[in-house]
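Read through the structure below, which is laid out as structure tokens, and then see the notes.
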Amino acid sequence: MKSLLFAVCATAGLAGAFSSAQVLTNGQPDTGDPNEGHKIVQENTPEETARLAWWSDARFGMFIHWGLYSQWGCHYPDTNGTLVSGGSEHMMLHLQIPLKEYAKITDAFDPTNFNADEWVAIAKNAGMKYVVITSKHHDGFAMYDSACSDYNIVKRTPWHRDPVAELDAACRKQGLKFGVYYSLGRDWEDPDCPTKDGYRSNTWDYPDEKSKVFAKYFERKVKPQVTELLTKYHPAILWFDTPEEISADESKELLALIRKLQPNCIVNSRVGHNLGDYVVSEQKIPGTADVKPWETCMTLNGHWGYFLGDEKWKSPEVVIHNLVDIISKGGNYLLNVGPTGEGIIPQGAVTDLNAIGVWMKTNGGSIYGTSANPFKQQPGWGRITQKDGTLYLHIFDWPAGGKLVINNEQIKAAAGYFLADPNLHVTVRTSSDGVATIQLPARPLDAIDTVVALPWRNND
Ligand code: FHN
């Protein structure tokens, strides 16, 4: 495994001398879930399927990474006030910032421009149906009013507001589902949160990795915080991250606690040990559908948390093609934004999401409530989704001469229409050897993805 040595600034002025922090990665996201990527072979139970019904219809959600690391765009000021890159929302680890120094960010964290209704409206306008925000990331800082740890946004910042509560209310008001992310096996505030070989632990404040007892952190912080998240805010999704050293029994115990407190709350697979209602895929789209329901989470630019200067936004075309590709394989798409320390979603992200929303307003019928392509092959010109006896042909690449070939003998439809112009119909011709073709107009109706709705029945 290639080890990526995080070269950190050794500027004497920074709070304490920093040494290099070894961060292991093989080029893949370090997901902190030793079980991730192994094919899960058991299907969902009827109970799990029922719990996921709204989620499976929703297909598209907003992920929000917001925390103390957002204050200076995942950078940290040295004694001259020069902002030093922390690499990502892991900046406390990468720069090995002592907890008492990192906690001083709370003095500056005063997001007076935060407006929960605006954030939720941006998600809704983009066609997203649920919002998941970081309630506690790896730094251990609670972005909500936690009764079990004063290390939280209400108690420790001059802002004294609870964004989790405000977003929960805004989602309810605007008809979106609300979820919370919780870093399960990484917590750089707690002295008892070990990680594999200490690579993702706070070893600078708590150097004796072997003395750390996960069970103490689990009882002292995880269970009380999961309980208060479920009883104060009633999230529809508990999005766990990086289960790391949690035991199988602790994962089972945590899931049982959630089921007791909020039976309808969806739990992802990073609760650990192949448990949970759906499987997480991060920054990548699997080639084939998983046995269990799954969701790809992805950044919109190159970072989860707001990163100063990162304006490399995925284009609306890339996002829409990703969304359709994911759904054609039966998955959900959780697309991330990283708001600034002032509480603003960067304009580049908003511009992107607005453009995606324009496409979704016309073509949402081929997204919401649809399921995977029923055929074995994905077409070369795009993707196929389906719902209630209708195929949705997502044409990314317009065929030369407008002749669209669908190599499948199961297409018995005679005519279809364009979602972008339902009055414009197309005719399907099926040759004797079962090759169906559609004669399209000379030019696409949508530059990114023109969708044809085709009534279909499976002749199996
Ligand atoms: O380390 C985290 C990372 O910061 C981010 O939260 C992602 C989102 O899925 N999860 C972990 C990396 O897998």
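So you can find residues: chains in the structure tokens are A, B, ... in the order shown, residues in each start at 1, and ligands are numbered from 1 in order.
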*asked:* According to DSSP computed on the backbone, where in range 286-445 of chain A is there strand (DSSP E)? Give the residues as number ranges by chain.
replied: A: 294-299, 331-337, 382-387, 390-395, 403-406, 415-418, 421-430, 436-439
*Polymer residues at most 10 Å from range 378-395 of chain A, only C-alpha atoms, same-chain spacing of 2 or more positions, as an NGL selection string*: :A and (321 or 324-330 or 363 or 365-376 or 397-399 or 404-407 or 411 or 413 or 416-419 or 444-458)
Which chain A residues have any atom within 9 Å of an atom of ligand 1, and for each, what is the nearest pair of atoms with distance in Å to one decimal, counting only C-alpha atoms and all ligand atoms, rows sorted by chain and number, as a tab-separated table?
```
residue	atom	partner	partner_atom_place_in_ligand_line	distance
A:Gln28	CA	ligand 1	13 (O)	9.0
A:Pro29	CA	ligand 1	13 (O)	5.4
A:Asp30	CA	ligand 1	13 (O)	5.0
A:Thr31	CA	ligand 1	13 (O)	3.1
A:Gly32	CA	ligand 1	13 (O)	6.2
A:Asp33	CA	ligand 1	13 (O)	8.0
A:Phe63	CA	ligand 1	8 (C)	8.7
A:His65	CA	ligand 1	6 (O)	7.1
A:Ser88	CA	ligand 1	4 (O)	7.4
A:Glu89	CA	ligand 1	4 (O)	5.8
A:His90	CA	ligand 1	4 (O)	6.3
A:Thr134	CA	ligand 1	6 (O)	8.0
A:His137	CA	ligand 1	6 (O)	6.9
A:His138	CA	ligand 1	1 (O)	7.2
A:Tyr181	CA	ligand 1	6 (O)	8.4
A:Ser183	CA	ligand 1	6 (O)	7.7
A:Arg186	CA	ligand 1	1 (O)	8.5
A:Arg200	CA	ligand 1	1 (O)	8.9
A:Phe240	CA	ligand 1	9 (O)	8.9
A:Asp241	CA	ligand 1	10 (N)	5.8
A:Thr242	CA	ligand 1	11 (C)	6.1
A:Val280	CA	ligand 1	9 (O)	8.3
A:Ser281	CA	ligand 1	9 (O)	8.4
A:Glu282	CA	ligand 1	9 (O)	6.0
A:Gln283	CA	ligand 1	9 (O)	8.1
A:Cys297	CA	ligand 1	9 (O)	6.2
A:Met298	CA	ligand 1	9 (O)	7.5
A:Thr299	CA	ligand 1	8 (C)	8.3
A:His303	CA	ligand 1	4 (O)	8.5
A:Trp304	CA	ligand 1	5 (C)	6.0
A:Gly305	CA	ligand 1	4 (O)	7.6
A:Asn336	CA	ligand 1	8 (C)	8.6
```
Long-range neighbours of Thr45 in chain A as a short mmCIF file (atom, residue, chain, number, x, y, z; two decimals) with N, CA, C and O atoms, in the first residue's frame, 10 Å cut-off, only C-alpha atoms, 4 positions minimum in chain:
```cif
data_model
loop_
_atom_site.label_atom_id
_atom_site.label_comp_id
_atom_site.auth_asym_id
_atom_site.auth_seq_id
_atom_site.Cartn_x
_atom_site.Cartn_y
_atom_site.Cartn_z
N THR A 49 -36.48 -3.05 3.59
CA THR A 49 -36.99 -2.52 2.31
C THR A 49 -38.07 -1.48 2.56
O THR A 49 -38.07 -0.41 1.96
N ALA A 50 -38.95 -1.76 3.50
CA ALA A 50 -40.03 -0.80 3.81
C ALA A 50 -39.44 0.49 4.38
O ALA A 50 -39.85 1.59 4.01
N ARG A 51 -38.43 0.36 5.22
CA ARG A 51 -37.80 1.55 5.82
C ARG A 51 -37.17 2.42 4.74
O ARG A 51 -37.14 3.63 4.84
N ASP A 277 -28.85 -0.50 6.57
CA ASP A 277 -29.89 -0.67 5.54
C ASP A 277 -29.36 -0.57 4.12
O ASP A 277 -29.99 -1.06 3.19
N LYS A 292 -27.41 -5.40 -1.97
CA LYS A 292 -28.18 -4.50 -1.09
C LYS A 292 -28.32 -3.13 -1.78
O LYS A 292 -27.52 -2.79 -2.65
#
```
Quick one: residues within 7 Å of range 171-176 of chain A, only C-alpha atoms counted, chain neighbours fewer than 3 positions away excluded, as a PDB file with N, CA and C atoms, in the first residue's frame?
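Generated file (result-v2.pdb):
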```
ATOM      1  N   VAL A 120     -31.442  24.663   2.392  1.00  0.00           N
ATOM      2  CA  VAL A 120     -32.402  23.623   1.992  1.00  0.00           C
ATOM      3  C   VAL A 120     -33.045  23.986   0.662  1.00  0.00           C
ATOM      4  N   LYS A 129     -33.713  15.408  -2.601  1.00  0.00           N
ATOM      5  CA  LYS A 129     -34.885  15.097  -1.766  1.00  0.00           C
ATOM      6  C   LYS A 129     -34.502  14.862  -0.313  1.00  0.00           C
ATOM      7  N   TYR A 130     -33.214  14.837   0.011  1.00  0.00           N
ATOM      8  CA  TYR A 130     -32.793  14.696   1.405  1.00  0.00           C
ATOM      9  C   TYR A 130     -31.466  15.407   1.618  1.00  0.00           C
ATOM     10  N   LEU A 167     -31.643  23.189  10.473  1.00  0.00           N
ATOM     11  CA  LEU A 167     -31.763  22.483   9.183  1.00  0.00           C
ATOM     12  C   LEU A 167     -32.867  21.429   9.241  1.00  0.00           C
ATOM     13  N   ASP A 168     -32.991  20.788  10.390  1.00  0.00           N
ATOM     14  CA  ASP A 168     -34.067  19.810  10.601  1.00  0.00           C
ATOM     15  C   ASP A 168     -35.421  20.486  10.353  1.00  0.00           C
TER      16      ASP A 168
END
```
_Distance query Ile153 in chain A at most 10 Å, only C-alpha atoms, self and fewer than 2 positions along chain excluded, as a PyMOL selection string_ = chain A and resi 67-68+106+109-110+141-146+150-151+155-163
Would you export the selected residues with N, CA and C atoms as a PDB file, in the first residue's frame, please?
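Okay, this is what ended up in selection32.pdb:
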```pdb
ATOM      1  N   GLY A  67     -17.867  22.376   9.668  1.00  0.00           N
ATOM      2  CA  GLY A  67     -17.317  22.245  11.014  1.00  0.00           C
ATOM      3  C   GLY A  67     -16.255  23.308  11.250  1.00  0.00           C
ATOM      4  N   LEU A  68     -15.520  23.164  12.342  1.00  0.00           N
ATOM      5  CA  LEU A  68     -14.476  24.154  12.676  1.00  0.00           C
ATOM      6  C   LEU A  68     -13.430  24.248  11.567  1.00  0.00           C
ATOM      7  N   THR A 106     -13.053  27.897  17.802  1.00  0.00           N
ATOM      8  CA  THR A 106     -14.433  28.221  18.232  1.00  0.00           C
ATOM      9  C   THR A 106     -14.581  29.718  18.528  1.00  0.00           C
ATOM     10  N   PHE A 109     -15.389  31.207  15.219  1.00  0.00           N
ATOM     11  CA  PHE A 109     -16.454  30.595  14.402  1.00  0.00           C
ATOM     12  C   PHE A 109     -17.793  31.268  14.695  1.00  0.00           C
ATOM     13  N   ASP A 110     -18.209  32.175  13.787  1.00  0.00           N
ATOM     14  CA  ASP A 110     -19.430  32.956  14.034  1.00  0.00           C
ATOM     15  C   ASP A 110     -20.177  33.129  12.715  1.00  0.00           C
ATOM     16  N   PHE A 141     -15.922  17.616  17.376  1.00  0.00           N
ATOM     17  CA  PHE A 141     -16.689  18.821  17.753  1.00  0.00           C
ATOM     18  C   PHE A 141     -18.138  18.666  17.305  1.00  0.00           C
ATOM     19  N   ALA A 142     -19.073  18.820  18.222  1.00  0.00           N
ATOM     20  CA  ALA A 142     -20.494  18.626  17.898  1.00  0.00           C
ATOM     21  C   ALA A 142     -21.070  19.892  17.278  1.00  0.00           C
ATOM     22  N   MET A 143     -21.651  19.736  16.096  1.00  0.00           N
ATOM     23  CA  MET A 143     -22.274  20.880  15.405  1.00  0.00           C
ATOM     24  C   MET A 143     -23.731  20.999  15.805  1.00  0.00           C
ATOM     25  N   TYR A 144     -24.029  20.630  17.071  1.00  0.00           N
ATOM     26  CA  TYR A 144     -25.397  20.732  17.596  1.00  0.00           C
ATOM     27  C   TYR A 144     -25.285  20.868  19.103  1.00  0.00           C
ATOM     28  N   ASP A 145     -26.414  21.138  19.764  1.00  0.00           N
ATOM     29  CA  ASP A 145     -26.405  21.392  21.201  1.00  0.00           C
ATOM     30  C   ASP A 145     -26.352  20.072  21.955  1.00  0.00           C
ATOM     31  N   SER A 146     -25.152  19.548  22.157  1.00  0.00           N
ATOM     32  CA  SER A 146     -24.988  18.234  22.785  1.00  0.00           C
ATOM     33  C   SER A 146     -24.955  18.375  24.309  1.00  0.00           C
ATOM     34  N   ASP A 150     -19.689  19.551  26.154  1.00  0.00           N
ATOM     35  CA  ASP A 150     -19.721  21.004  25.950  1.00  0.00           C
ATOM     36  C   ASP A 150     -18.890  21.425  24.751  1.00  0.00           C
ATOM     37  N   TYR A 151     -18.161  20.464  24.178  1.00  0.00           N
ATOM     38  CA  TYR A 151     -17.343  20.758  22.988  1.00  0.00           C
ATOM     39  C   TYR A 151     -18.299  20.802  21.805  1.00  0.00           C
ATOM     40  N   LYS A 155     -22.388  25.840  22.825  1.00  0.00           N
ATOM     41  CA  LYS A 155     -21.717  26.234  24.063  1.00  0.00           C
ATOM     42  C   LYS A 155     -20.415  26.989  23.816  1.00  0.00           C
ATOM     43  N   ARG A 156     -19.704  26.650  22.713  1.00  0.00           N
ATOM     44  CA  ARG A 156     -18.320  27.120  22.621  1.00  0.00           C
ATOM     45  C   ARG A 156     -18.096  28.224  21.597  1.00  0.00           C
ATOM     46  N   THR A 157     -19.108  28.579  20.800  1.00  0.00           N
ATOM     47  CA  THR A 157     -18.853  29.649  19.808  1.00  0.00           C
ATOM     48  C   THR A 157     -19.660  30.900  20.168  1.00  0.00           C
ATOM     49  N   PRO A 158     -19.260  32.045  19.669  1.00  0.00           N
ATOM     50  CA  PRO A 158     -20.031  33.278  19.931  1.00  0.00           C
ATOM     51  C   PRO A 158     -21.367  33.289  19.217  1.00  0.00           C
ATOM     52  N   TRP A 159     -21.574  32.297  18.346  1.00  0.00           N
ATOM     53  CA  TRP A 159     -22.809  32.225  17.549  1.00  0.00           C
ATOM     54  C   TRP A 159     -23.962  31.645  18.368  1.00  0.00           C
ATOM     55  N   HIS A 160     -23.656  30.610  19.188  1.00  0.00           N
ATOM     56  CA  HIS A 160     -24.627  30.016  20.123  1.00  0.00           C
ATOM     57  C   HIS A 160     -25.903  29.494  19.465  1.00  0.00           C
ATOM     58  N   ARG A 161     -25.831  29.133  18.175  1.00  0.00           N
ATOM     59  CA  ARG A 161     -27.037  28.562  17.535  1.00  0.00           C
ATOM     60  C   ARG A 161     -26.807  27.105  17.173  1.00  0.00           C
ATOM     61  N   ASP A 162     -27.885  26.409  16.891  1.00  0.00           N
ATOM     62  CA  ASP A 162     -27.843  24.960  16.629  1.00  0.00           C
ATOM     63  C   ASP A 162     -28.251  24.699  15.177  1.00  0.00           C
ATOM     64  N   PRO A 163     -27.286  24.577  14.268  1.00  0.00           N
ATOM     65  CA  PRO A 163     -27.608  24.412  12.847  1.00  0.00           C
ATOM     66  C   PRO A 163     -28.302  23.087  12.537  1.00  0.00           C
TER      67      PRO A 163
END
```
